[in-house]
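In what follows, a structure is listed as structure tokens, so that the remarks can point back to it.
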Amino acid sequence: MGEVASNPEKNDRKFALPVDSEHKATEFRLFSVATPHMRAFHLSWISFFACFVSTFAAPPLIPIIRDNLNLTATDIGNAGIAAVSGAVFARVAMGTACDLFGPRLASSSLILLTAPAVFLSAIANSPAAFLMVRFFTGFSLATFVSTQFWMSSMFSPTVVGTANGLSGGWGNLGGGATQLIMPLVFSLIHSSIGSTKFTAWRIAFFIPALFQTLSAYAIFFLGQDMPDGNYVRLEKSGEKHKDNFSQVFYHAITNYRGWILALTYGYCFGVELTIDNIIAQYFYDRFDVNLHTAGIIAASFGLANLFSRPGGGMLSDFVARRFGMRGRLWTLWVVQMVGGLLCLLLGKIGSLSGSVAVMLVFSVFVQAACGLTFGVVPFVSRRSLGVISGMTGGGGNVGAVLTQVIFFRGSRYSTEEGISLMGVMIMCCTLVIMLIYFPQWGGLFCGPRKGVTEEDYYLSEWSAAEKEQGFHKMSMKFSENSRRERGRKGAAAPVQSDPPTIV
């Protein structure tokens, strides 16, 4: 990254959007495709959308696939778990890859490498083969991490929640869209071409596979890692130093805030993944609706991401303008708690109309909590942003795996009992947000520590030797741009000049 620009007008001439000292956009213009900020936004959400469509292409067709491959309830449960478990470690690895190689190369590589698994879904001929293709396709969900990292690299703290919420939410929209797309494609192939049901579902998988492949090439050829260029060019020019993997990883895993957010994200995004896997079959079996109707109901849950997750990100930025980081944390805690209560109620309601209504309200709260979470994540660490994002994202997949193993695998619990117990888990895991504390900003119940500044917090990730070589300059700029997280009252407080300490 280059030096702090001393001439704001020069920055305005260089970029289509107004930028801060890191050249991150300070405004978010949804209908713009300006390079590099808004182009990165549109490439990120479209590619993540494609990966979601691929990963959850099977659930809406499960009644057909089940009959073709003779799948048992346990086989279906295992395949659903496999689809989200593969991304657990892939997300942590993706975060590290983003820190070291940049989001453009990391994202396009993973999308392209997982596309063959989607194509191979068409030739699955046994429960084991079906499980394997779902497992490897699920790796593509790790692109969520590169999406959030990319937005955090392109947009200023004042709008980063909005950018993260929209890119993640519109990507997650693929989980709902595929509930409509796959049954429609299947019906067209089955009726128009005249293929048998057992052939039509196989041909249908070529649509998400091609979409995913094209998105990988679009990112590679049209995307850009940072506002000032790609990692390779910036490292060669000396504007950005190539960081040390061990230091990046160390500062991530020793920051307890990242672990707490990974846990809480496991019970907002993890719950969303679980619902994507079970909801169509739940309505099909419990309320005896047809496949098309079950798909529409299930799609409505995922399609709420059009506004719910982005709304969470926007809400995070909105409350931060007045209340700072403490406002972000309080809003996350309240919204996720309400989501847990609604999930508990969803499993208790026995009527079709009542279940649909509660599910729709529940979808808004649980998805908004996801957006609110990634309104906080960019501030946990500047140096290890990718790994922290990966840990949090991976926590979402861990939550999905554990929930499905405990409540939706086998016949120990009915699906409606599992949904209610999942709501209890959400509320219990949300309590730990009370433990998150930023010394420069405070937490839910405590204010900031006297005399501690943003520079103290972010520069503590760099050694004295690294500072002498100027490696800490990006963190210094980020510290300056993060002072608004003090809230309206604290933003005008004088900046301490004490040397940074480890906090």
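In the structure tokens, chains take letters A, B, ... by order of appearance, with residues numbered from 1 within each chain and ligands from 1 in the order shown.
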
Write out as a PyMOL selection string the residues lying within 7 Å of His37 (chain A), counting only C-alpha atoms and excluding same-chain residues fewer than 3 positions away. chain A and resi 25+34+40-41+154+227

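The smallest atom-to-atom distance between Trp462 (chain A) and any of A:Arg257, A:Arg134, A:Arg29, A:Arg382, using only C-alpha atoms, is found for A:Arg382.
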
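Remark: for Phe287 (chain A), the closest of the candidate residues A:Ile203, A:Ser353, A:Ser21, A:Phe379 is A:Ser353 (distances computed over only C-alpha atoms).
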
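The neighbours of Met427 (chain A) here are the residues that come within 8 Å of it, using only C-alpha atoms and leaving out any residue fewer than 2 positions away in the same chain; they are Gln336, Met337, Gly340, Leu341, Gly423, Val424, Met425, Cys429, Thr430 and Leu431 of chain A.
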
Residues from the last selection, all heavy atoms, saved as a compact mmCIF listing (two decimals), in the first residue's frame:
# COMPACT_ATOMS: atom_id res chain seq x y z
N GLN A 336 -29.67 -11.21 16.98
CA GLN A 336 -29.45 -12.65 16.97
C GLN A 336 -30.26 -13.36 18.05
O GLN A 336 -30.73 -14.49 17.85
CB GLN A 336 -27.95 -12.97 17.12
CG GLN A 336 -27.63 -14.43 16.85
CD GLN A 336 -26.19 -14.64 16.41
OE1 GLN A 336 -25.63 -13.83 15.68
NE2 GLN A 336 -25.59 -15.73 16.84
N MET A 337 -30.46 -12.72 19.19
CA MET A 337 -31.30 -13.29 20.23
C MET A 337 -32.75 -13.46 19.75
O MET A 337 -33.39 -14.49 19.96
CB MET A 337 -31.28 -12.40 21.48
CG MET A 337 -30.16 -12.71 22.44
SD MET A 337 -30.42 -14.33 23.24
CE MET A 337 -29.09 -14.31 24.43
N GLY A 340 -33.06 -16.38 17.45
CA GLY A 340 -33.12 -17.66 18.15
C GLY A 340 -34.51 -17.97 18.67
O GLY A 340 -34.99 -19.10 18.58
N LEU A 341 -35.18 -16.94 19.20
CA LEU A 341 -36.54 -17.13 19.71
C LEU A 341 -37.50 -17.51 18.58
O LEU A 341 -38.34 -18.40 18.72
CB LEU A 341 -37.01 -15.84 20.39
CG LEU A 341 -38.44 -15.84 20.94
CD1 LEU A 341 -38.61 -16.91 22.01
CD2 LEU A 341 -38.80 -14.47 21.50
N GLY A 423 -33.04 -23.32 17.83
CA GLY A 423 -33.31 -21.98 18.33
C GLY A 423 -32.74 -21.76 19.72
O GLY A 423 -32.21 -20.69 20.03
N VAL A 424 -32.82 -22.79 20.58
CA VAL A 424 -32.23 -22.69 21.91
C VAL A 424 -30.72 -22.53 21.82
O VAL A 424 -30.11 -21.73 22.54
CB VAL A 424 -32.58 -23.94 22.75
CG1 VAL A 424 -31.88 -23.90 24.10
CG2 VAL A 424 -34.10 -24.04 22.94
N MET A 425 -30.11 -23.27 20.90
CA MET A 425 -28.66 -23.17 20.70
C MET A 425 -28.26 -21.76 20.25
O MET A 425 -27.22 -21.23 20.68
CB MET A 425 -28.21 -24.19 19.65
CG MET A 425 -28.24 -25.63 20.12
SD MET A 425 -26.84 -26.05 21.19
CE MET A 425 -25.53 -26.25 19.98
N CYS A 429 -25.58 -19.48 22.42
CA CYS A 429 -24.29 -19.08 21.84
C CYS A 429 -24.17 -17.58 21.65
O CYS A 429 -23.06 -17.04 21.60
CB CYS A 429 -24.08 -19.80 20.50
SG CYS A 429 -23.83 -21.58 20.68
N THR A 430 -25.30 -16.89 21.56
CA THR A 430 -25.27 -15.44 21.39
C THR A 430 -24.84 -14.73 22.67
O THR A 430 -24.32 -13.61 22.63
CB THR A 430 -26.66 -14.93 20.94
OG1 THR A 430 -27.03 -15.61 19.74
CG2 THR A 430 -26.65 -13.43 20.67
N LEU A 431 -25.02 -15.36 23.81
CA LEU A 431 -24.67 -14.74 25.09
C LEU A 431 -23.20 -14.33 25.16
O LEU A 431 -22.86 -13.35 25.83
CB LEU A 431 -24.99 -15.71 26.24
CG LEU A 431 -26.48 -15.96 26.52
CD1 LEU A 431 -26.62 -17.08 27.55
CD2 LEU A 431 -27.17 -14.69 27.01

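Proximity to Gly447 (chain A) was assessed for A:Cys343, A:Met325, A:Leu263, A:Ala369 counting only C-alpha atoms; the smallest distance is recorded for A:Met325.
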
Neighbours of Pro448 (chain A) within 8 Å (only C-alpha atoms; same-chain residues fewer than 6 positions away dropped), as a ChimeraX atom specification? /A:438-442

Store the residues picked out above in a file with N, CA, C and O atoms, as a JSON list (two decimals), in the first residue's frame.
[["chain", "number", "residue", "atom", "x", "y", "z"],
["A", 438, "PHE", "N", -13.23, -4.15, 23.11],
["A", 438, "PHE", "CA", -12.14, -3.44, 22.44],
["A", 438, "PHE", "C", -11.65, -2.36, 23.39],
["A", 438, "PHE", "O", -12.43, -1.47, 23.76],
["A", 439, "PRO", "N", -10.39, -2.40, 23.82],
["A", 439, "PRO", "CA", -9.93, -1.43, 24.82],
["A", 439, "PRO", "C", -10.06, 0.02, 24.38],
["A", 439, "PRO", "O", -10.22, 0.91, 25.21],
["A", 440, "GLN", "N", -9.98, 0.26, 23.07],
["A", 440, "GLN", "CA", -10.08, 1.63, 22.57],
["A", 440, "GLN", "C", -11.52, 2.10, 22.39],
["A", 440, "GLN", "O", -11.77, 3.29, 22.23],
["A", 441, "TRP", "N", -12.49, 1.16, 22.40],
["A", 441, "TRP", "CA", -13.89, 1.50, 22.15],
["A", 441, "TRP", "C", -14.85, 1.00, 23.22],
["A", 441, "TRP", "O", -15.92, 1.56, 23.41],
["A", 442, "GLY", "N", -14.52, -0.10, 23.90],
["A", 442, "GLY", "CA", -15.39, -0.66, 24.90],
["A", 442, "GLY", "C", -16.11, -1.91, 24.42],
["A", 442, "GLY", "O", -15.79, -2.48, 23.38]]

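For the residues A:Val432, A:Thr274, A:His472, A:Gly396, ranking by smallest atom-to-atom distance to Gly418 (chain A) using only C-alpha atoms places A:Thr274 first.
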
Surrounding residues of Phe89 (chain A) excluding itself and chain neighbours under 3 positions, 12 Å, only C-alpha atoms, as a JSON list (two decimals) with all heavy atoms, in the first residue's frame:
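That gives us around-v3.json:
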[["chain", "number", "residue", "atom", "x", "y", "z"],
["A", 84, "VAL", "N", -21.44, -28.77, 3.75],
["A", 84, "VAL", "CA", -20.99, -27.60, 4.50],
["A", 84, "VAL", "C", -19.73, -27.86, 5.31],
["A", 84, "VAL", "O", -19.05, -26.92, 5.74],
["A", 84, "VAL", "CB", -22.11, -27.08, 5.42],
["A", 84, "VAL", "CG1", -23.28, -26.58, 4.61],
["A", 84, "VAL", "CG2", -22.56, -28.14, 6.41],
["A", 85, "SER", "N", -19.38, -29.13, 5.51],
["A", 85, "SER", "CA", -18.20, -29.43, 6.34],
["A", 85, "SER", "C", -16.90, -29.18, 5.59],
["A", 85, "SER", "O", -15.90, -28.80, 6.20],
["A", 85, "SER", "CB", -18.25, -30.88, 6.83],
["A", 85, "SER", "OG", -18.23, -31.79, 5.74],
["A", 86, "GLY", "N", -16.91, -29.39, 4.28],
["A", 86, "GLY", "CA", -15.68, -29.20, 3.51],
["A", 86, "GLY", "C", -15.15, -27.79, 3.58],
["A", 86, "GLY", "O", -13.94, -27.55, 3.52],
["A", 92, "VAL", "N", -10.73, -21.09, 6.46],
["A", 92, "VAL", "CA", -9.54, -20.61, 7.17],
["A", 92, "VAL", "C", -8.37, -20.50, 6.19],
["A", 92, "VAL", "O", -7.63, -19.51, 6.19],
["A", 92, "VAL", "CB", -9.18, -21.55, 8.33],
["A", 92, "VAL", "CG1", -7.90, -21.07, 9.02],
["A", 92, "VAL", "CG2", -10.32, -21.62, 9.34],
["A", 93, "ALA", "N", -8.23, -21.51, 5.33],
["A", 93, "ALA", "CA", -7.18, -21.48, 4.31],
["A", 93, "ALA", "C", -7.38, -20.33, 3.35],
["A", 93, "ALA", "O", -6.41, -19.67, 2.93],
["A", 93, "ALA", "CB", -7.15, -22.81, 3.55],
["A", 94, "MET", "N", -8.64, -20.06, 2.99],
["A", 94, "MET", "CA", -8.93, -18.95, 2.09],
["A", 94, "MET", "C", -8.54, -17.62, 2.71],
["A", 94, "MET", "O", -7.99, -16.74, 2.04],
["A", 94, "MET", "CB", -10.42, -18.95, 1.72],
["A", 94, "MET", "CG", -10.87, -17.75, 0.90],
["A", 94, "MET", "SD", -10.03, -17.61, -0.70],
["A", 94, "MET", "CE", -11.05, -18.74, -1.67],
["A", 95, "GLY", "N", -8.81, -17.46, 4.00],
["A", 95, "GLY", "CA", -8.42, -16.23, 4.68],
["A", 95, "GLY", "C", -6.93, -16.01, 4.64],
["A", 95, "GLY", "O", -6.45, -14.90, 4.37],
["A", 96, "THR", "N", -6.17, -17.07, 4.89],
["A", 96, "THR", "CA", -4.71, -16.99, 4.83],
["A", 96, "THR", "C", -4.24, -16.67, 3.41],
["A", 96, "THR", "O", -3.34, -15.84, 3.21],
["A", 96, "THR", "CB", -4.09, -18.32, 5.29],
["A", 96, "THR", "OG1", -4.59, -18.65, 6.59],
["A", 96, "THR", "CG2", -2.57, -18.21, 5.35],
["A", 138, "GLY", "N", -18.98, -28.15, -1.86],
["A", 138, "GLY", "CA", -19.10, -27.27, -0.71],
["A", 138, "GLY", "C", -17.86, -26.46, -0.40],
["A", 138, "GLY", "O", -17.94, -25.41, 0.25],
["A", 139, "PHE", "N", -16.70, -26.91, -0.89],
["A", 139, "PHE", "CA", -15.47, -26.13, -0.70],
["A", 139, "PHE", "C", -15.62, -24.73, -1.29],
["A", 139, "PHE", "O", -14.99, -23.77, -0.82],
["A", 139, "PHE", "CB", -14.28, -26.83, -1.37],
["A", 139, "PHE", "CG", -13.63, -27.88, -0.51],
["A", 139, "PHE", "CD1", -14.33, -29.01, -0.12],
["A", 139, "PHE", "CD2", -12.31, -27.74, -0.10],
["A", 139, "PHE", "CE1", -13.73, -29.98, 0.67],
["A", 139, "PHE", "CE2", -11.70, -28.71, 0.69],
["A", 139, "PHE", "CZ", -12.41, -29.83, 1.07],
["A", 140, "SER", "N", -16.44, -24.62, -2.32],
["A", 140, "SER", "CA", -16.58, -23.33, -3.01],
["A", 140, "SER", "C", -17.18, -22.26, -2.10],
["A", 140, "SER", "O", -17.01, -21.05, -2.35],
["A", 140, "SER", "CB", -17.45, -23.47, -4.26],
["A", 140, "SER", "OG", -18.78, -23.83, -3.93],
["A", 141, "LEU", "N", -17.88, -22.67, -1.02],
["A", 141, "LEU", "CA", -18.45, -21.68, -0.11],
["A", 141, "LEU", "C", -17.38, -20.87, 0.62],
["A", 141, "LEU", "O", -17.69, -19.85, 1.24],
["A", 141, "LEU", "CB", -19.37, -22.36, 0.91],
["A", 141, "LEU", "CG", -20.67, -22.97, 0.38],
["A", 141, "LEU", "CD1", -21.48, -23.54, 1.52],
["A", 141, "LEU", "CD2", -21.47, -21.94, -0.39],
["A", 142, "ALA", "N", -16.13, -21.32, 0.56],
["A", 142, "ALA", "CA", -15.04, -20.56, 1.17],
["A", 142, "ALA", "C", -14.83, -19.23, 0.45],
["A", 142, "ALA", "O", -14.15, -18.34, 0.97],
["A", 142, "ALA", "CB", -13.75, -21.38, 1.15],
["A", 145, "VAL", "N", -15.25, -15.87, 2.28],
["A", 145, "VAL", "CA", -14.16, -15.19, 2.99],
["A", 145, "VAL", "C", -13.47, -14.19, 2.08],
["A", 145, "VAL", "O", -13.20, -13.05, 2.47],
["A", 145, "VAL", "CB", -13.15, -16.22, 3.53],
["A", 145, "VAL", "CG1", -11.95, -15.52, 4.18],
["A", 145, "VAL", "CG2", -13.82, -17.16, 4.52],
["A", 387, "VAL", "N", -7.34, -14.02, 7.91],
["A", 387, "VAL", "CA", -7.47, -15.19, 8.77],
["A", 387, "VAL", "C", -8.64, -15.03, 9.73],
["A", 387, "VAL", "O", -9.40, -15.99, 9.97],
["A", 387, "VAL", "CB", -6.16, -15.45, 9.56],
["A", 387, "VAL", "CG1", -6.30, -16.69, 10.43],
["A", 387, "VAL", "CG2", -4.98, -15.61, 8.60],
["A", 390, "GLY", "N", -11.62, -15.72, 7.83],
["A", 390, "GLY", "CA", -11.69, -17.16, 7.59],
["A", 390, "GLY", "C", -12.15, -17.92, 8.82],
["A", 390, "GLY", "O", -12.95, -18.86, 8.72],
["A", 391, "MET", "N", -11.62, -17.53, 9.98],
["A", 391, "MET", "CA", -12.04, -18.17, 11.23],
["A", 391, "MET", "C", -13.54, -17.97, 11.47],
["A", 391, "MET", "O", -14.27, -18.91, 11.82],
["A", 391, "MET", "CB", -11.26, -17.59, 12.41],
["A", 391, "MET", "CG", -9.81, -18.02, 12.49],
["A", 391, "MET", "SD", -8.85, -16.99, 13.65],
["A", 391, "MET", "CE", -9.83, -17.13, 15.15],
["A", 392, "THR", "N", -14.00, -16.74, 11.26],
["A", 392, "THR", "CA", -15.42, -16.45, 11.47],
["A", 392, "THR", "C", -16.27, -17.20, 10.47],
["A", 392, "THR", "O", -17.28, -17.83, 10.83],
["A", 392, "THR", "CB", -15.67, -14.94, 11.35],
["A", 392, "THR", "OG1", -14.78, -14.23, 12.22],
["A", 392, "THR", "CG2", -17.11, -14.60, 11.72],
["A", 393, "GLY", "N", -15.88, -17.14, 9.20],
["A", 393, "GLY", "CA", -16.63, -17.85, 8.17],
["A", 393, "GLY", "C", -16.62, -19.35, 8.40],
["A", 393, "GLY", "O", -17.64, -20.03, 8.24],
["A", 394, "GLY", "N", -15.46, -19.89, 8.80],
["A", 394, "GLY", "CA", -15.36, -21.31, 9.11],
["A", 394, "GLY", "C", -16.24, -21.69, 10.28],
["A", 394, "GLY", "O", -16.83, -22.78, 10.31],
["A", 395, "GLY", "N", -16.38, -20.77, 11.24],
["A", 395, "GLY", "CA", -17.27, -21.01, 12.37],
["A", 395, "GLY", "C", -18.70, -21.21, 11.91],
["A", 395, "GLY", "O", -19.44, -22.01, 12.49],
["A", 396, "GLY", "N", -19.09, -20.49, 10.86],
["A", 396, "GLY", "CA", -20.42, -20.67, 10.31],
["A", 396, "GLY", "C", -20.64, -22.09, 9.82],
["A", 396, "GLY", "O", -21.69, -22.70, 10.06],
["A", 397, "ASN", "N", -19.64, -22.64, 9.15],
["A", 397, "ASN", "CA", -19.76, -24.00, 8.65],
["A", 397, "ASN", "C", -19.70, -25.03, 9.78],
["A", 397, "ASN", "O", -20.39, -26.05, 9.73],
["A", 397, "ASN", "CB", -18.65, -24.28, 7.63],
["A", 397, "ASN", "CG", -18.92, -23.57, 6.32],
["A", 397, "ASN", "OD1", -18.73, -22.36, 6.22],
["A", 397, "ASN", "ND2", -19.37, -24.30, 5.32],
["A", 398, "VAL", "N", -18.87, -24.77, 10.79],
["A", 398, "VAL", "CA", -18.81, -25.68, 11.94],
["A", 398, "VAL", "C", -20.17, -25.73, 12.62],
["A", 398, "VAL", "O", -20.67, -26.81, 12.99],
["A", 398, "VAL", "CB", -17.73, -25.23, 12.94],
["A", 398, "VAL", "CG1", -17.84, -26.03, 14.24],
["A", 398, "VAL", "CG2", -16.34, -25.40, 12.34]]

Residues within 9 Å of Ile275 (chain A), only C-alpha atoms, excluding chain neighbours under 3 positions, as a CSV table (one decimal) with C-alpha atoms, in the first residue's frame:
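Final output, saved to part-v6.csv:
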chain,number,residue,atom,x,y,z
A,270,GLY,CA,-24.6,-21.9,10.3
A,271,VAL,CA,-28.3,-22.0,10.9
A,272,GLU,CA,-28.9,-20.5,7.5
A,278,ILE,CA,-33.6,-29.2,5.3
A,279,ILE,CA,-36.4,-26.7,4.7
A,280,ALA,CA,-37.7,-27.9,1.3
A,298,ALA,CA,-37.8,-22.8,0.7
A,301,PHE,CA,-36.1,-18.2,3.1
A,302,GLY,CA,-33.0,-17.7,1.0
A,419,ILE,CA,-35.6,-26.8,14.6

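Look at Ser351 (chain A): the protein and nucleic acid residues within 12 Å of it, using only C-alpha atoms and passing over chain neighbours fewer than 5 places away, are A:Phe283, A:Arg286, A:Phe287, A:Asp288, A:Leu345, A:Leu346, A:Val356, A:Ala357, A:Val358, A:Met359, A:Glu416.
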
Just C-alpha atoms for this one: save the residues we selected as a compact mmCIF listing (two decimals), in the first residue's frame.
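Done, and the output landed in out.txt:
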# COMPACT_ATOMS: atom_id res chain seq x y z
CA PHE A 283 -42.40 -28.70 4.16
CA ARG A 286 -44.65 -32.45 7.17
CA PHE A 287 -47.32 -30.48 5.29
CA ASP A 288 -47.67 -32.76 2.26
CA LEU A 345 -41.23 -20.96 17.59
CA LEU A 346 -40.86 -22.22 14.00
CA VAL A 356 -44.36 -19.98 6.55
CA ALA A 357 -45.04 -16.66 8.30
CA VAL A 358 -42.67 -17.37 11.20
CA MET A 359 -40.04 -18.72 8.81
CA GLU A 416 -39.63 -29.89 13.95

Interatomic distance, CA of Ser237 (chain A) to CA of Leu385 (chain A) (Å, one decimal): 22.6 Å

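Nearest to Phe471 (chain A) of all the residues A:Asp67, A:Asp75, A:Glu239, A:Glu485 is A:Glu239, counting only C-alpha atoms.
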
Which residue gives the smallest distance to Ile76 (chain A) among A:Ser381, A:Ser308, A:Ser420, A:Gln281, with only C-alpha atoms counted? A:Gln281
